[in-house]
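One structure below.
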Amino acid sequence: MLEELLKRNRSYRAYDESVRVSEAELKHLVDLTRFIASGNNRQPLKYHISFERAETETLLSMTKWAAALPELALPRPGEHPAAFIVILQDLSVNPKLGAADKDVGIAAQTILLGAAEQGLGGLMIGNFRRQEVKEFLKPGEKLEPVLLIALGKPSEQICLTAVPESGKTDYYRENGVHYVPKRALEDILV
Ligand SMILES: Cc1cc2nc3c(=O)[nH]c(=O)nc-3n(C[C@H](O)[C@H](O)[C@H](O)COP(=O)(O)O)c2cc1C
């Protein structure tokens with residue numbers, strides 16, 4: 001079950017806009033993060049949920065998607081995400097920005113696996129304009145946005161594939177299918 005969920009949990013950059021994601025669904029995903037591990041159990045992360053179209057569109061405008069495929073200008077109009085979860089580091093709990101990044105990764109993966117379990121999908125976004133997001137959300141002086149997660153009902157086909165001879169791991173598109181090369185087990189065991 002976990003393996004199936006992990007394979008389905010891809011980075012989606014096209015969504016069915018007719019499917020909204022509710023406040024309750026987003027709160028459930030954030031609730032899951034209360035059970036994850038945390039360095040020294042400090043639990044320095046907070047979450048902002050966004051599900052109203054105007055707000056999600058504003059957050060979207062502050063993000064950059066698929067830097068490896070700039071010509072596609074993703075996400076396309078009509079394929080925007082329905083929601084965002086913004087992960088914030090609480091500097092009053094851990095004052096060193098970046099020091100909670102391992103917690104951030106665990107939290108983000110937990111949220112995305114929870115979303116995949118519900119038939120949703122998402123995208124982790126590290127490439128966003130932090131200051132603009134901060135000015136827009138006004139989360140308070142001590143809360144620093146560290147990662148955005150777009151969420152919605154995926155509407156694109158993504159295939160995992162082997163890393164080619166060249167060793168290139170860049171994702172690519174062919175005939176409308178998004179391919180993501182993943183290394184083989186023998187190549188990651190040392
Ligand atoms: C920490 C982190 C930050 C990421 N930031 C972005 C981003 O800003 N924009 C984007 O389009 N994809 C982003 N991604 C998605 C990666 O491009 C994606 O994970 C990779 O292409 C592999 O695809 P997969 O997640 O389907 O395996 C990010 C992924 C991670 C783990």
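If you're wondering about the labels, chains in the structure tokens are A, B, ... by order shown, residues count from 1 in each chain, ligands from 1 in order shown.
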Helix (DSSP H, G or I) per DSSP on the backbone: members of stretch 71-175 of chain A, as a PyMOL selection string: chain A and resi 71-72+101-117+130-137
Could you list, with a cut-off of 7 Å and counting only C-alpha atoms and all ligand atoms, the residues of chain A near ligand 1, each shown with its nearest atom pair and the distance in Å rounded to one decimal, rows sorted by chain and ascending number, as a Markdown table?
```
| residue | atom | partner | partner_atom_place_in_ligand_line | distance |
| --- | --- | --- | --- | --- |
| A:Asn9 | CA | ligand 1 | 26 (O) | 6.9 |
| A:Arg10 | CA | ligand 1 | 26 (O) | 3.5 |
| A:Ser11 | CA | ligand 1 | 26 (O) | 3.9 |
| A:Tyr12 | CA | ligand 1 | 26 (O) | 6.9 |
| A:Thr63 | CA | ligand 1 | 8 (O) | 6.7 |
| A:Lys64 | CA | ligand 1 | 9 (N) | 5.4 |
| A:Trp65 | CA | ligand 1 | 11 (O) | 3.3 |
| A:Ala66 | CA | ligand 1 | 11 (O) | 3.6 |
| A:Ala67 | CA | ligand 1 | 11 (O) | 6.2 |
| A:Gly105 | CA | ligand 1 | 1 (C) | 6.7 |
| A:Leu123 | CA | ligand 1 | 15 (C) | 6.1 |
| A:Met124 | CA | ligand 1 | 28 (C) | 4.7 |
| A:Ile125 | CA | ligand 1 | 8 (O) | 3.5 |
| A:Gly126 | CA | ligand 1 | 5 (N) | 3.9 |
| A:Asn127 | CA | ligand 1 | 8 (O) | 3.5 |
| A:Phe128 | CA | ligand 1 | 8 (O) | 6.4 |
| A:Tyr171 | CA | ligand 1 | 21 (O) | 5.9 |
| A:Val180 | CA | ligand 1 | 23 (O) | 5.7 |
```
When you look at A:Arg76 with a cut-off of 12 Å (counting only C-alpha atoms), what residues show up, excluding the ones that are within fewer than 2 positions of it in the same chain? I need them as a list in words. Arg13, Ala14, Tyr15, Asp16, Glu17, Leu60, Trp65, Ala66, Pro70, Glu71, Leu72, Ala73, Leu74, Gly78, Glu79, His80, Pro81, Ser155 and Glu156 of chain A
Those same residues, written as a PDB file, in the first residue's frame with C-alpha atoms?
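Written file, again24.pdb:
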```
ATOM      1  CA  ARG A  13       1.448  20.656 -12.374  1.00  0.00           C
ATOM      2  CA  ALA A  14      -2.043  20.408 -13.912  1.00  0.00           C
ATOM      3  CA  TYR A  15      -5.302  20.184 -11.988  1.00  0.00           C
ATOM      4  CA  ASP A  16      -9.007  19.785 -12.687  1.00  0.00           C
ATOM      5  CA  GLU A  17     -10.318  23.202 -11.663  1.00  0.00           C
ATOM      6  CA  LEU A  60       0.204  30.961  -7.352  1.00  0.00           C
ATOM      7  CA  TRP A  65       6.793  25.947 -11.655  1.00  0.00           C
ATOM      8  CA  ALA A  66       8.831  23.459 -13.682  1.00  0.00           C
ATOM      9  CA  PRO A  70      10.168  27.133 -19.012  1.00  0.00           C
ATOM     10  CA  GLU A  71       8.641  27.113 -22.518  1.00  0.00           C
ATOM     11  CA  LEU A  72       5.495  25.452 -21.143  1.00  0.00           C
ATOM     12  CA  ALA A  73       4.755  28.239 -18.625  1.00  0.00           C
ATOM     13  CA  LEU A  74       3.122  25.833 -16.194  1.00  0.00           C
ATOM     14  CA  GLY A  78      -7.649  26.313 -16.616  1.00  0.00           C
ATOM     15  CA  GLU A  79      -5.322  23.868 -14.837  1.00  0.00           C
ATOM     16  CA  HIS A  80      -4.563  25.827 -11.674  1.00  0.00           C
ATOM     17  CA  PRO A  81      -4.431  24.224  -8.199  1.00  0.00           C
ATOM     18  CA  SER A 155      -5.313  16.107 -14.467  1.00  0.00           C
ATOM     19  CA  GLU A 156      -2.120  15.021 -16.161  1.00  0.00           C
TER      20      GLU A 156
END
```
Take atom CA of A:Leu113 and atom CA of A:Val30 and report the distance between them in Å, one decimal.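 Distance between the two atoms: 11.6 Å.
Among A:Leu147, A:Leu5, A:Cys159, A:Ile188, the residue with the shortest atom-to-atom distance to A:Lys102, counting only C-alpha atoms, is A:Leu147.
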Quick one: residues within 10 Å of A:Tyr47, only C-alpha atoms counted, chain neighbours fewer than 3 positions away excluded, as a PyMOL selection string? chain A and resi 27+30+33+50+84-90+139+143+145+147-148
With distances taken over only C-alpha atoms, which residue among A:Ser92, A:Ser22, A:Thr56, A:Asn40 lies nearest A:Phe136?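 Smallest separation from A:Phe136 among the options: A:Thr56.
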Which neighbours of A:Arg53 fall inside 9 Å, counting only C-alpha atoms, when residues of the same chain fewer than 4 positions from it are skipped, and could you give them as a short mmCIF file (atom, residue, chain, number, x, y, z; two decimals) with C-alpha atoms, in the first residue's frame?
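File written: part_2.cif
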```
data_model
loop_
_atom_site.label_atom_id
_atom_site.label_comp_id
_atom_site.auth_asym_id
_atom_site.auth_seq_id
_atom_site.Cartn_x
_atom_site.Cartn_y
_atom_site.Cartn_z
CA GLU A 57 -4.44 32.64 -7.43
CA THR A 58 -2.42 35.31 -5.62
CA ALA A 82 -7.48 24.47 -5.95
CA ALA A 83 -5.60 25.03 -2.73
#
```
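For stretch 37-122 of chain A, backbone-based DSSP assignment of strand (DSSP E) covers Leu45, Lys46, Tyr47, His48, Ile49, Ser50, Ala83, Phe84, Ile85, Val86, Ile87, Leu88, Gln89, Asp90, Gly121 and Gly122 of chain A.
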Would you write out those residues with C-alpha atoms, as a PDB file, in the first residue's frame?
```
ATOM      1  CA  LEU A  45       6.322  24.403  11.949  1.00  0.00           C
ATOM      2  CA  LYS A  46       3.029  26.215  11.457  1.00  0.00           C
ATOM      3  CA  TYR A  47       0.654  26.019   8.489  1.00  0.00           C
ATOM      4  CA  HIS A  48      -1.517  28.424   6.552  1.00  0.00           C
ATOM      5  CA  ILE A  49      -4.297  26.859   4.505  1.00  0.00           C
ATOM      6  CA  SER A  50      -5.676  28.559   1.434  1.00  0.00           C
ATOM      7  CA  ALA A  83      -5.598  25.031  -2.733  1.00  0.00           C
ATOM      8  CA  PHE A  84      -2.298  25.727  -1.039  1.00  0.00           C
ATOM      9  CA  ILE A  85      -0.759  24.788   2.259  1.00  0.00           C
ATOM     10  CA  VAL A  86       2.019  27.190   3.219  1.00  0.00           C
ATOM     11  CA  ILE A  87       4.535  25.731   5.661  1.00  0.00           C
ATOM     12  CA  LEU A  88       6.018  28.353   7.972  1.00  0.00           C
ATOM     13  CA  GLN A  89       8.958  28.089  10.335  1.00  0.00           C
ATOM     14  CA  ASP A  90       8.187  29.573  13.739  1.00  0.00           C
ATOM     15  CA  GLY A 121      -2.273  15.411  -5.669  1.00  0.00           C
ATOM     16  CA  GLY A 122       0.105  18.269  -5.188  1.00  0.00           C
TER      17      GLY A 122
END
```
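Atom CA of A:Val93 lies 18.2 Å from atom CA of A:Lys134.
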A:Glu4 surroundings by only C-alpha atoms, 10 Å radius, close-in-sequence under 4 positions cut, as a ChimeraX atom specification: /A:8-9,116-117
Emit the selected residues as a CSV table (one decimal), in the first residue's frame, including C-alpha atoms.
```csv
chain,number,residue,atom,x,y,z
A,8,ARG,CA,1.1,7.8,-7.2
A,9,ASN,CA,2.4,10.7,-5.2
A,116,ALA,CA,-2.7,11.0,-2.5
A,117,GLU,CA,-4.7,8.7,-0.2
```
